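K.L.:
Take a look at this one; I'll ask things after.
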Number of protein chains: 2
Amino acid sequence: MVIEESSVVAAASSSARFWSEHGGFRAEIKGVTKIGQVHFIWSGDIKKLRFVFDELKLFLRDRAKSITANMEKRGGGILDFELVDLRDKIDNYYQIRVSFDTQDSMGANFINSCLEDFALSMKDFFNEKDIFQGKEKDCKIVMSILSNYTPDCLVKTWVECDISELDNIDNELSGKEFVEKFQLAVRIAEIDPYRATTHNKGIFNGIDAVAIATGNDFRAIEAAGHTFAAKNGSYGSLSHVEIEGNRFKFYVEVPLAMGTVGGLTSLHPLAKHSLKMLGNPSAEELMMIASAVGLANNFAALRSLVTKGIQIGHMKMHLMNILNNFNATKPEKKKAVEYFMDHKVSFSSVEKYLNGLRGAKK
Amino acid sequence: MVIEESSVVAAASSSARFWSEHGGFRAEIKGVTKIGQVHFIWSGDIKKLRFVFDELKLFLRDRAKSITANMEKRGGGILDFELVDLRDKIDNYYQIRVSFDTQDSMGANFINSCLEDFALSMKDFFNEKDIFQGKEKDCKIVMSILSNYTPDCLVKTWVECDISELDNIDNELSGKEFVEKFQLAVRIAEIDPYRATTHNKGIFNGIDAVAIATGNDFRAIEAAGHTFAAKNGSYGSLSHVEIEGNRFKFYVEVPLAMGTVGGLTSLHPLAKHSLKMLGNPSAEELMMIASAVGLANNFAALRSLVTKGIQIGHMKMHLMNILNNFNATKPEKKKAVEYFMDHKVSFSSVEKYLNGLRGAKK
């Protein structure tokens with residue numbers, strides 16, 4: 001996990017330990033489709049374009065053969081082309097929205113190379129086809145680029161157990177009370193964007209830590225996930241709770257365009273090493289791993305929030321950072337950790353404690 | 001800039017060079033307010049709560065004095081408390097939404113410590129006040145936590161120049177044509193979530209690279225920015241174009257909760273070093289710097305997209321990664337860079353070229 005916030009690692013570990021004894025994390029891939037778009041302006045008879053669209057598809061596929069050959073050998077390639085008519089938003093504006101299977105690569109370079117090729121071919125196609133006349137022959141390409149919004153490259157990951165198994169999770173709450181409070185906290189994140197932002201941020205704490213460790217593009221992952229969280233018109237939680245009878249289930253659904261080959265994943269030595277540590281997963285397995293870490297972080301954060309609060313744990317983790325800042329020696333660190341077991345950690349309280357310790361020595 | 005994607009640094013540099021000769025980047029801080037929430041369930045007469053709300057505010061402020069003292073000395077602290085009634089969404093559910101000024105710190109620890117203190121005080125307040133009776137005395141705290149959605153911690157950053165100054169930006173397009181195409185590309189990102197996700201991702205390429213370099217929490221920044229992009233019910237572009245007469249203006253408005261003190265910013269030696277390289281900026285200055293880098297990246301991406309496409313530049317940058325993967329020597333790298341000036345870069349084309357080079361030697 002590559003991240004500057006030490007409590008993210010601690011939270012994931014604590015969740016992992018808990019769920020390892022209660023059935024573990026489970027995941028399923030809902031899809032792996034990636035998306036790209038050729039944006040163009042064209043003023044012509046849309047019926048003509050629809051009439052020759054299947055022919056255009058074949059033409060684009062054929063022209064791009066040299067680019068797609070290797071990907072096809074690996075079992076991936078172009079899936080389909082869709083004509084998107086957005087003239088109600090912008091005059092004469094259309095897209096060709098292309099779907100791809102990029103196998104174990106994130107696929108950005110492959111998709112962008114295909115799309116730039118399609119754009120060139122489209123200009124030729126419109127120009128050469130007899131059905132188009134006059135200004136219809138002029139297809140104005142605006143740009144050709146993959147979309148990082150990949151709602152169909154989706155993984156669902158969950159934990160579940162009997163509610164009675166949660167009876168000892170907190171000193172004050174029974175399993176049933178804990179689950180009710182936990183569900184309420186998730187419900188709040190479902191309806192309030194102010195809360196949802198922080199809630200989802202906690203999920204990406206874990207996902208990004210895996211993405212960065214494995215050389216994946218965390219900005220693409222973040223952008224896709226947050227757009228997905230806003231897909232119903234109001235920004236909400238990516239994770240949800242289901243309670244059926246005595247069964248508690250906590251799950252996250254998140255789009256994750258990750259790769260385990262291509263890009264930096266195999267070029268950067270640390271990314272390569274991280275993938276090795278993970279047992280050289282496929283892209284689909286990495287999606288499951290990353291989302292499980294995200295869900296683990298989310299569970300740990302909510303668990304703390306609805307019980308003892310997050311500051312106790314967070315500041316305990318931060319204690320070592322502060323001690324390092326004051327160049328604390330090993331014996332000083334040991335003493336400080338003991339002392340702050342039942343004292344409030346803050347920058348000034350640690351400074352004061354160390355000064356006391358050092359003054360006493362002199 | 002700390003980032004795994006080398007073309008992000010190249011794109012920012014290219015934009016920076018261009019705009020340094022055309023008026024530079026300008027920025028203004030629209031606000032620095034941070035937000036926290038105490039979520040609670042309470043079944044009582046809301047009129048009573050409103051009646052004593054000012055008293056509650058004073059009570060909460062007073063009880064938190066020991067936590068806020070230092071922040072107040074630095075000119076920050078609690079700004080205000082707002083009672084948010086969300087009973088239409090969840091039975092008996094309210095929030096106290098608290099606004100903070102955390103000066104040069106991102107403020108997460110400060111805000112969370114305040115909120116957890118408020119939660120304890122609220123329980124006492126409801127219990128002790130005579131106006132509340134029976135079940136009204138029971139304020140059930142769900143959780144207390146900062147919100148990473150900070151729409152009022154906002155920076156606006158822009159570049160602008162006369163359209164005629166853009167006449168030489170491309171071989172094929174005049175300044176006027178370039179500006180029109182550029183504006184259209186931004187307009188598309190304003191109306192299409194598929195395009196907007198990638199467009200904004202490009203902005204965060206730059207912002208995150210600065211956030212990570214300076215030890216700031218990039219997940220918080222990403223989450224806030226994307227929620228902000230979805231605030232009008234449909235996910236859209238964070239950057240916009242204004243054309244007035246002969247004047248082209250390109251700007252981004254983005255919430256950025258950044259810090260230059262506290263957290264890891266001064267504890268991690270590389271974060272400390274990065275801040276020193278930036279001239280030890282205030283948090284407000286760092287907001288301006290990060291958003292300027294984000295806007296620079298966005299400009300470079302759009303400029304490439306609407307002219308020569310992004311793959312040429314991107315794969316040129318990637319060439320060095322691939323050469324390193326094959327342990328290319330310095331002379332081999334030099335030859336390869338020359339060769340690929342006018343040849344298409346791909347993993348296999350570089351492999352083939354190197355094999356040729358090495359075979360020829362033997």
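For the structure tokens, the naming scheme is as follows: chains receive sequential letters (A, B, ...) according to their order of presentation, residues are indexed from 1 within each chain, and ligands are indexed from 1 in presentation order.
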Name the residues in contact with Ile243 in chain A at a cut-off of 10 Å, using only C-alpha atoms, excluding same-chain residues fewer than 2 positions from it; report them as a list of chain:residue names.
P.N.:
A:Glu160, A:Asp162, A:Ile163, A:Val179, A:Glu180, A:Gln183, A:Val241, A:Gly245, A:Asn246, A:Arg247, A:Phe248, A:Lys249, A:Phe250
K.L.:
Write out the residues from the selection above, keeping all heavy atoms, as a CSV table (one decimal), in the first residue's frame.
P.N.:
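Output file selection-v6.csv follows:
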```csv
chain,number,residue,atom,x,y,z
A,160,GLU,N,-19.9,-10.5,4.5
A,160,GLU,CA,-21.1,-10.8,5.2
A,160,GLU,C,-21.0,-11.8,6.3
A,160,GLU,O,-20.0,-12.6,6.3
A,160,GLU,CB,-22.2,-11.3,4.2
A,160,GLU,CG,-21.8,-12.6,3.4
A,160,GLU,CD,-22.9,-13.0,2.4
A,160,GLU,OE1,-24.1,-12.8,2.8
A,160,GLU,OE2,-22.5,-13.5,1.4
A,162,ASP,N,-23.3,-13.5,10.1
A,162,ASP,CA,-24.5,-13.4,11.0
A,162,ASP,C,-24.3,-12.2,11.9
A,162,ASP,O,-23.2,-11.9,12.4
A,162,ASP,CB,-24.6,-14.7,11.8
A,162,ASP,CG,-25.1,-15.8,10.9
A,162,ASP,OD1,-25.6,-15.6,9.8
A,162,ASP,OD2,-25.0,-17.0,11.3
A,163,ILE,N,-25.4,-11.5,12.2
A,163,ILE,CA,-25.4,-10.3,13.0
A,163,ILE,C,-24.8,-10.7,14.4
A,163,ILE,O,-24.1,-9.9,15.0
A,163,ILE,CB,-26.8,-9.7,13.1
A,163,ILE,CG1,-27.1,-9.1,11.8
A,163,ILE,CG2,-26.8,-8.6,14.2
A,163,ILE,CD1,-28.5,-8.6,11.6
A,179,VAL,N,-25.0,-3.1,14.0
A,179,VAL,CA,-25.4,-3.2,12.6
A,179,VAL,C,-26.4,-2.0,12.3
A,179,VAL,O,-26.4,-1.4,11.2
A,179,VAL,CB,-26.0,-4.6,12.4
A,179,VAL,CG1,-26.9,-4.5,11.1
A,179,VAL,CG2,-24.9,-5.6,12.2
A,180,GLU,N,-27.3,-1.7,13.2
A,180,GLU,CA,-28.3,-0.7,12.9
A,180,GLU,C,-27.6,0.7,12.8
A,180,GLU,O,-28.0,1.5,11.9
A,180,GLU,CB,-29.3,-0.6,14.1
A,180,GLU,CG,-30.4,-1.7,13.9
A,180,GLU,CD,-31.3,-1.9,15.1
A,180,GLU,OE1,-31.1,-1.1,16.1
A,180,GLU,OE2,-32.1,-2.8,15.1
A,183,GLN,N,-25.6,0.7,9.6
A,183,GLN,CA,-26.5,0.9,8.4
A,183,GLN,C,-27.0,2.3,8.3
A,183,GLN,O,-27.0,2.9,7.2
A,183,GLN,CB,-27.7,0.0,8.5
A,183,GLN,CG,-28.6,0.0,7.3
A,183,GLN,CD,-29.8,-1.0,7.5
A,183,GLN,OE1,-30.3,-1.3,8.6
A,183,GLN,NE2,-30.2,-1.6,6.4
A,241,VAL,N,-25.4,-1.3,2.5
A,241,VAL,CA,-25.7,-2.3,3.5
A,241,VAL,C,-27.0,-3.0,3.2
A,241,VAL,O,-28.0,-2.4,2.8
A,241,VAL,CB,-25.8,-1.8,5.0
A,241,VAL,CG1,-26.3,-2.8,5.9
A,241,VAL,CG2,-24.4,-1.3,5.4
A,245,GLY,N,-32.9,-10.9,7.5
A,245,GLY,CA,-33.0,-11.8,8.7
A,245,GLY,C,-31.8,-11.5,9.6
A,245,GLY,O,-31.6,-10.3,10.0
A,246,ASN,N,-31.1,-12.5,9.9
A,246,ASN,CA,-30.0,-12.4,10.8
A,246,ASN,C,-28.6,-12.1,10.1
A,246,ASN,O,-27.6,-12.2,10.6
A,246,ASN,CB,-29.8,-13.6,11.7
A,246,ASN,CG,-28.8,-13.4,12.8
A,246,ASN,OD1,-28.7,-12.3,13.4
A,246,ASN,ND2,-28.0,-14.5,13.0
A,247,ARG,N,-28.7,-11.8,8.8
A,247,ARG,CA,-27.6,-11.7,7.9
A,247,ARG,C,-27.2,-10.2,7.6
A,247,ARG,O,-28.1,-9.5,7.1
A,247,ARG,CB,-27.9,-12.5,6.6
A,247,ARG,CG,-26.7,-13.1,5.9
A,247,ARG,CD,-26.1,-14.2,6.6
A,247,ARG,NE,-24.8,-14.6,5.9
A,247,ARG,CZ,-23.8,-15.2,6.4
A,247,ARG,NH1,-23.8,-15.5,7.7
A,247,ARG,NH2,-22.7,-15.4,5.7
A,248,PHE,N,-26.0,-9.9,7.9
A,248,PHE,CA,-25.5,-8.5,7.6
A,248,PHE,C,-24.5,-8.6,6.4
A,248,PHE,O,-23.6,-9.4,6.4
A,248,PHE,CB,-24.7,-8.0,8.8
A,248,PHE,CG,-23.8,-6.8,8.5
A,248,PHE,CD1,-24.4,-5.5,8.4
A,248,PHE,CD2,-22.4,-6.9,8.4
A,248,PHE,CE1,-23.6,-4.4,8.2
A,248,PHE,CE2,-21.6,-5.8,8.2
A,248,PHE,CZ,-22.2,-4.6,8.0
A,249,LYS,N,-24.8,-7.8,5.4
A,249,LYS,CA,-24.0,-7.7,4.2
A,249,LYS,C,-23.6,-6.3,3.9
A,249,LYS,O,-24.4,-5.4,3.9
A,249,LYS,CB,-24.7,-8.4,3.0
A,249,LYS,CG,-23.9,-8.5,1.7
A,249,LYS,CD,-24.6,-9.2,0.6
A,249,LYS,CE,-23.8,-9.4,-0.6
A,249,LYS,NZ,-24.4,-10.2,-1.6
A,250,PHE,N,-22.3,-6.1,3.7
A,250,PHE,CA,-21.8,-4.8,3.4
A,250,PHE,C,-21.0,-4.9,2.0
A,250,PHE,O,-20.1,-5.7,1.9
A,250,PHE,CB,-20.8,-4.3,4.5
A,250,PHE,CG,-20.2,-3.0,4.3
A,250,PHE,CD1,-21.0,-1.9,4.0
A,250,PHE,CD2,-18.8,-2.8,4.6
A,250,PHE,CE1,-20.4,-0.6,3.8
A,250,PHE,CE2,-18.2,-1.6,4.4
A,250,PHE,CZ,-19.0,-0.5,4.1
```
K.L.:
For chain A against chain B, which residues fall within 7 Å using only C-alpha atoms, given as a short mmCIF file (atom, residue, chain, number, x, y, z; two decimals) with all heavy atoms, in the first residue's frame?
P.N.:
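Listed below is the output, result.cif:
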```cif
data_model
loop_
_atom_site.label_atom_id
_atom_site.label_comp_id
_atom_site.auth_asym_id
_atom_site.auth_seq_id
_atom_site.Cartn_x
_atom_site.Cartn_y
_atom_site.Cartn_z
N GLU A 4 0.46 8.20 1.93
CA GLU A 4 1.16 9.00 2.95
C GLU A 4 0.48 8.92 4.31
O GLU A 4 1.03 9.35 5.31
CB GLU A 4 1.28 10.46 2.48
CG GLU A 4 0.14 11.41 2.85
CD GLU A 4 -1.16 11.08 2.12
OE1 GLU A 4 -1.15 10.27 1.18
OE2 GLU A 4 -2.21 11.63 2.53
N ASN A 112 -6.49 4.83 -27.29
CA ASN A 112 -6.24 6.12 -27.94
C ASN A 112 -5.65 5.95 -29.33
O ASN A 112 -5.99 6.70 -30.25
CB ASN A 112 -5.33 6.98 -27.06
CG ASN A 112 -6.07 7.54 -25.86
OD1 ASN A 112 -7.29 7.73 -25.91
ND2 ASN A 112 -5.35 7.78 -24.77
N SER A 113 -4.79 4.95 -29.52
CA SER A 113 -4.24 4.69 -30.85
C SER A 113 -5.35 4.28 -31.82
O SER A 113 -5.40 4.74 -32.95
CB SER A 113 -3.17 3.61 -30.79
OG SER A 113 -2.09 4.05 -30.01
N VAL A 142 -13.48 16.66 -33.80
CA VAL A 142 -13.10 17.58 -32.72
C VAL A 142 -11.95 16.98 -31.94
O VAL A 142 -10.92 17.61 -31.74
CB VAL A 142 -14.28 17.87 -31.76
CG1 VAL A 142 -13.88 18.94 -30.75
CG2 VAL A 142 -15.52 18.29 -32.53
N MET A 143 -12.11 15.73 -31.51
CA MET A 143 -11.04 15.04 -30.78
C MET A 143 -11.39 13.56 -30.66
O MET A 143 -12.55 13.18 -30.81
CB MET A 143 -10.81 15.65 -29.39
CG MET A 143 -12.06 15.67 -28.52
SD MET A 143 -11.84 16.66 -27.01
CE MET A 143 -13.57 16.93 -26.57
N SER A 144 -10.37 12.77 -30.36
CA SER A 144 -10.53 11.32 -30.24
C SER A 144 -9.78 10.89 -29.01
O SER A 144 -8.56 11.07 -28.93
CB SER A 144 -9.92 10.61 -31.45
OG SER A 144 -10.25 11.30 -32.64
N SER A 147 -12.53 7.36 -22.78
CA SER A 147 -13.24 7.92 -21.64
C SER A 147 -12.79 7.19 -20.39
O SER A 147 -12.76 5.97 -20.34
CB SER A 147 -14.75 7.77 -21.79
OG SER A 147 -15.38 8.12 -20.56
N ASN A 148 -12.41 7.97 -19.36
CA ASN A 148 -12.07 7.35 -18.08
C ASN A 148 -13.31 6.94 -17.30
O ASN A 148 -13.21 6.33 -16.25
CB ASN A 148 -11.20 8.29 -17.23
CG ASN A 148 -9.81 8.46 -17.78
OD1 ASN A 148 -9.35 9.57 -18.05
ND2 ASN A 148 -9.13 7.35 -17.97
N TYR A 149 -14.49 7.33 -17.79
CA TYR A 149 -15.72 6.89 -17.13
C TYR A 149 -16.08 5.49 -17.67
O TYR A 149 -16.47 5.35 -18.82
CB TYR A 149 -16.86 7.88 -17.37
CG TYR A 149 -18.13 7.49 -16.63
CD1 TYR A 149 -18.07 7.04 -15.31
CD2 TYR A 149 -19.37 7.56 -17.25
CE1 TYR A 149 -19.23 6.68 -14.63
CE2 TYR A 149 -20.53 7.21 -16.57
CZ TYR A 149 -20.45 6.76 -15.27
OH TYR A 149 -21.59 6.39 -14.59
N LYS A 181 -26.66 0.92 13.68
CA LYS A 181 -25.96 2.20 13.64
C LYS A 181 -25.07 2.29 12.39
O LYS A 181 -24.99 3.35 11.74
CB LYS A 181 -25.12 2.35 14.92
CG LYS A 181 -24.89 3.80 15.30
CD LYS A 181 -24.27 3.95 16.68
CE LYS A 181 -23.87 5.39 16.91
NZ LYS A 181 -23.06 5.57 18.13
N ALA A 185 -25.33 4.96 9.31
CA ALA A 185 -24.19 5.76 8.85
C ALA A 185 -24.02 5.64 7.33
O ALA A 185 -23.72 6.63 6.64
CB ALA A 185 -22.91 5.31 9.55
N TYR A 194 -22.34 15.86 1.24
CA TYR A 194 -21.26 16.29 2.14
C TYR A 194 -20.66 15.08 2.86
O TYR A 194 -19.45 14.99 3.03
CB TYR A 194 -21.78 17.30 3.18
CG TYR A 194 -21.87 18.69 2.63
CD1 TYR A 194 -23.02 19.13 1.97
CD2 TYR A 194 -20.81 19.57 2.75
CE1 TYR A 194 -23.11 20.42 1.46
CE2 TYR A 194 -20.88 20.87 2.25
CZ TYR A 194 -22.04 21.28 1.60
OH TYR A 194 -22.10 22.54 1.08
N ARG A 195 -21.51 14.19 3.29
CA ARG A 195 -21.03 12.98 3.96
C ARG A 195 -20.48 11.96 2.95
O ARG A 195 -19.47 11.32 3.19
CB ARG A 195 -22.16 12.36 4.79
CG ARG A 195 -21.83 11.03 5.43
CD ARG A 195 -20.66 11.10 6.40
NE ARG A 195 -20.06 9.78 6.59
CZ ARG A 195 -18.77 9.52 6.67
NH1 ARG A 195 -17.89 10.50 6.62
NH2 ARG A 195 -18.33 8.30 6.82
N THR A 197 -18.98 12.35 0.15
CA THR A 197 -17.64 12.69 -0.36
C THR A 197 -16.57 12.08 0.55
O THR A 197 -15.60 11.47 0.07
CB THR A 197 -17.48 14.22 -0.43
OG1 THR A 197 -18.51 14.74 -1.27
CG2 THR A 197 -16.13 14.61 -1.00
N THR A 198 -16.75 12.24 1.84
CA THR A 198 -15.76 11.74 2.80
C THR A 198 -15.82 10.22 2.89
O THR A 198 -14.80 9.54 2.99
CB THR A 198 -16.05 12.36 4.19
OG1 THR A 198 -16.36 13.74 4.01
CG2 THR A 198 -14.89 12.19 5.12
N LYS A 201 -14.22 8.90 -0.16
CA LYS A 201 -12.79 9.19 -0.02
C LYS A 201 -12.12 8.08 0.78
O LYS A 201 -11.00 7.65 0.46
CB LYS A 201 -12.61 10.55 0.66
CG LYS A 201 -11.18 11.04 0.77
CD LYS A 201 -10.53 10.65 2.09
CE LYS A 201 -9.17 11.26 2.21
NZ LYS A 201 -8.40 10.72 3.33
N PHE A 204 -11.49 5.14 -1.43
CA PHE A 204 -10.34 5.37 -2.32
C PHE A 204 -9.02 5.43 -1.57
O PHE A 204 -7.96 5.25 -2.18
CB PHE A 204 -10.56 6.62 -3.19
CG PHE A 204 -11.56 6.36 -4.27
CD1 PHE A 204 -12.85 6.87 -4.20
CD2 PHE A 204 -11.24 5.56 -5.34
CE1 PHE A 204 -13.79 6.58 -5.17
CE2 PHE A 204 -12.17 5.27 -6.32
CZ PHE A 204 -13.45 5.78 -6.24
N ASN A 205 -9.04 5.69 -0.26
CA ASN A 205 -7.82 5.56 0.53
C ASN A 205 -7.18 4.20 0.26
O ASN A 205 -5.98 4.09 0.02
CB ASN A 205 -8.14 5.64 2.03
CG ASN A 205 -8.21 7.08 2.55
OD1 ASN A 205 -7.70 7.99 1.94
ND2 ASN A 205 -8.86 7.25 3.69
N GLY A 215 1.46 0.64 -9.97
CA GLY A 215 1.72 1.46 -11.15
C GLY A 215 0.48 1.78 -11.96
O GLY A 215 0.56 2.12 -13.15
N ARG A 219 -5.64 8.61 -10.85
CA ARG A 219 -6.54 9.72 -11.22
C ARG A 219 -7.70 9.20 -12.08
O ARG A 219 -8.84 9.63 -11.93
CB ARG A 219 -5.81 10.82 -12.00
CG ARG A 219 -4.92 11.73 -11.17
CD ARG A 219 -3.54 11.18 -11.04
NE ARG A 219 -2.90 10.93 -12.33
CZ ARG A 219 -2.07 9.91 -12.56
NH1 ARG A 219 -1.77 9.04 -11.62
NH2 ARG A 219 -1.53 9.76 -13.77
N ALA A 220 -7.39 8.26 -12.97
CA ALA A 220 -8.43 7.66 -13.80
C ALA A 220 -9.43 6.90 -12.93
O ALA A 220 -10.65 6.99 -13.12
CB ALA A 220 -7.80 6.72 -14.83
N GLU A 222 -10.03 7.34 -9.66
CA GLU A 222 -10.79 8.30 -8.84
C GLU A 222 -11.90 8.94 -9.67
O GLU A 222 -13.06 9.00 -9.25
CB GLU A 222 -9.86 9.41 -8.33
CG GLU A 222 -8.92 8.98 -7.24
CD GLU A 222 -9.48 9.28 -5.84
OE1 GLU A 222 -10.61 9.79 -5.73
OE2 GLU A 222 -8.78 8.98 -4.86
N ALA A 223 -11.55 9.42 -10.86
CA ALA A 223 -12.52 10.14 -11.69
C ALA A 223 -13.70 9.23 -12.04
O ALA A 223 -14.86 9.62 -11.93
CB ALA A 223 -11.84 10.66 -12.96
N ALA A 224 -13.41 7.99 -12.45
CA ALA A 224 -14.47 7.06 -12.81
C ALA A 224 -15.37 6.77 -11.60
O ALA A 224 -16.60 6.77 -11.70
CB ALA A 224 -13.87 5.75 -13.33
N HIS A 226 -15.95 8.52 -8.84
CA HIS A 226 -16.78 9.63 -8.36
C HIS A 226 -17.89 9.97 -9.35
O HIS A 226 -18.99 10.33 -8.95
CB HIS A 226 -15.91 10.85 -8.06
CG HIS A 226 -14.99 10.66 -6.88
ND1 HIS A 226 -15.46 10.51 -5.60
CD2 HIS A 226 -13.65 10.59 -6.78
CE1 HIS A 226 -14.44 10.36 -4.76
NE2 HIS A 226 -13.33 10.39 -5.45
N THR A 227 -17.59 9.86 -10.65
CA THR A 227 -18.66 10.08 -11.63
C THR A 227 -19.75 9.02 -11.45
O THR A 227 -20.94 9.31 -11.52
CB THR A 227 -18.11 10.03 -13.07
OG1 THR A 227 -17.08 11.01 -13.21
CG2 THR A 227 -19.20 10.32 -14.09
N ALA A 230 -22.09 9.74 -8.79
CA ALA A 230 -23.03 10.83 -9.09
C ALA A 230 -23.99 10.46 -10.21
O ALA A 230 -24.74 11.31 -10.68
CB ALA A 230 -22.23 12.08 -9.47
N GLY A 233 -27.79 11.57 -10.44
CA GLY A 233 -28.17 12.97 -10.32
C GLY A 233 -27.81 13.59 -8.99
O GLY A 233 -27.83 14.81 -8.84
N SER A 234 -27.49 12.76 -8.01
CA SER A 234 -27.03 13.31 -6.73
C SER A 234 -25.88 12.44 -6.25
O SER A 234 -25.95 11.21 -6.28
CB SER A 234 -28.17 13.30 -5.72
OG SER A 234 -27.69 13.65 -4.45
N TYR A 235 -24.81 13.09 -5.83
CA TYR A 235 -23.61 12.36 -5.43
C TYR A 235 -23.87 11.55 -4.16
O TYR A 235 -24.32 12.09 -3.16
CB TYR A 235 -22.46 13.34 -5.21
CG TYR A 235 -21.16 12.66 -4.90
CD1 TYR A 235 -20.28 12.28 -5.90
CD2 TYR A 235 -20.81 12.36 -3.58
CE1 TYR A 235 -19.09 11.64 -5.62
CE2 TYR A 235 -19.62 11.72 -3.28
CZ TYR A 235 -18.77 11.36 -4.30
OH TYR A 235 -17.60 10.71 -4.01
N LEU A 267 7.03 -1.97 -16.13
CA LEU A 267 8.27 -1.23 -16.38
C LEU A 267 8.87 -0.68 -15.09
O LEU A 267 10.08 -0.63 -14.93
CB LEU A 267 8.01 -0.07 -17.35
CG LEU A 267 7.52 -0.45 -18.76
CD1 LEU A 267 7.39 0.80 -19.61
CD2 LEU A 267 8.47 -1.44 -19.41
N LEU A 305 -16.15 5.27 13.46
CA LEU A 305 -17.03 6.44 13.54
C LEU A 305 -18.26 6.18 14.41
O LEU A 305 -18.67 7.04 15.17
CB LEU A 305 -17.48 6.87 12.14
CG LEU A 305 -16.46 7.66 11.32
CD1 LEU A 305 -16.97 7.88 9.90
CD2 LEU A 305 -16.16 9.00 11.99
N VAL A 306 -18.87 5.01 14.26
CA VAL A 306 -20.12 4.77 15.00
C VAL A 306 -19.84 4.20 16.39
O VAL A 306 -20.77 3.97 17.15
CB VAL A 306 -21.10 3.84 14.24
CG1 VAL A 306 -21.44 4.43 12.88
CG2 VAL A 306 -20.55 2.43 14.09
N GLN A 311 -10.59 9.71 15.94
CA GLN A 311 -9.40 10.45 16.34
C GLN A 311 -8.44 9.64 17.21
O GLN A 311 -7.23 9.77 17.09
CB GLN A 311 -9.77 11.77 17.03
CG GLN A 311 -10.13 12.89 16.06
CD GLN A 311 -9.07 13.12 14.99
OE1 GLN A 311 -9.11 12.51 13.93
NE2 GLN A 311 -8.11 13.97 15.26
N ASN A 321 4.89 9.54 13.56
CA ASN A 321 5.34 10.63 12.69
C ASN A 321 5.88 11.81 13.50
O ASN A 321 6.90 12.40 13.18
CB ASN A 321 4.17 11.15 11.82
CG ASN A 321 3.68 10.11 10.83
OD1 ASN A 321 4.45 9.28 10.38
ND2 ASN A 321 2.39 10.17 10.50
N ASN A 325 9.70 13.38 13.88
CA ASN A 325 9.97 14.80 13.63
C ASN A 325 10.91 15.36 14.69
O ASN A 325 11.73 16.23 14.41
CB ASN A 325 8.66 15.57 13.61
CG ASN A 325 8.85 17.01 13.20
OD1 ASN A 325 9.33 17.28 12.11
ND2 ASN A 325 8.49 17.93 14.07
#
```
K.L.:
Mind checking which residues fall within 12 Å of range 63-66 of chain B, counting only C-alpha atoms, ignoring those fewer than 6 positions away in the same chain, and posting them as a list in words?
P.N.:
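The residues that qualify are Leu56, Lys57, Glu72, Lys73, Gly77, Ile78, Phe110, Ile111, Asn112, Ser113, Cys114, Leu115, Glu116, Asp117, Phe118, Ala119, Leu120, Ser121, Met122, Asp124 and Phe125 of chain B.
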K.L.:
Taking 6 positions as the minimum chain separation for residues in the same chain, which residues sit within 12 Å of range 16-27 of chain A when counting only C-alpha atoms? Answer as a PyMOL selection string.
P.N.:
chain A and resi 9-10+154-166+168-169+206+248-254+284-300+303
K.L.:
Would you mind writing down, as number ranges by chain, each residue of range 45-249 of chain B that DSSP on the backbone assigns to alpha helix (DSSP H)?
P.N.:
B: 46-51, 53-63, 65-73, 108-128, 175-191, 193-213, 218-229
K.L.:
Quick one: distance from CA of Ser99 in chain A to CA of Arg50 in chain A in Å, one decimal?
P.N.:
18.4 Å
K.L.:
Could you pull out the strand (DSSP E) residues of range 119-342 of chain A, going by DSSP on the backbone, and write them as a count of residues only?
P.N.:
33
K.L.:
Tell me, as a PyMOL selection string, which residues lie within 10 Å of range 128-133 of chain B, counting only C-alpha atoms; anything in the same chain fewer than 2 positions away does not count.
P.N.:
chain B and resi 44-45+48-49+51-52+56+122-126+135-138
K.L.:
Could you jot down the CA of Leu278 in chain A to CA of Leu256 in chain A separation for me, Å, one decimal place?
P.N.:
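Separating CA of Leu278 in chain A from CA of Leu256 in chain A is a distance of 17.3 Å.
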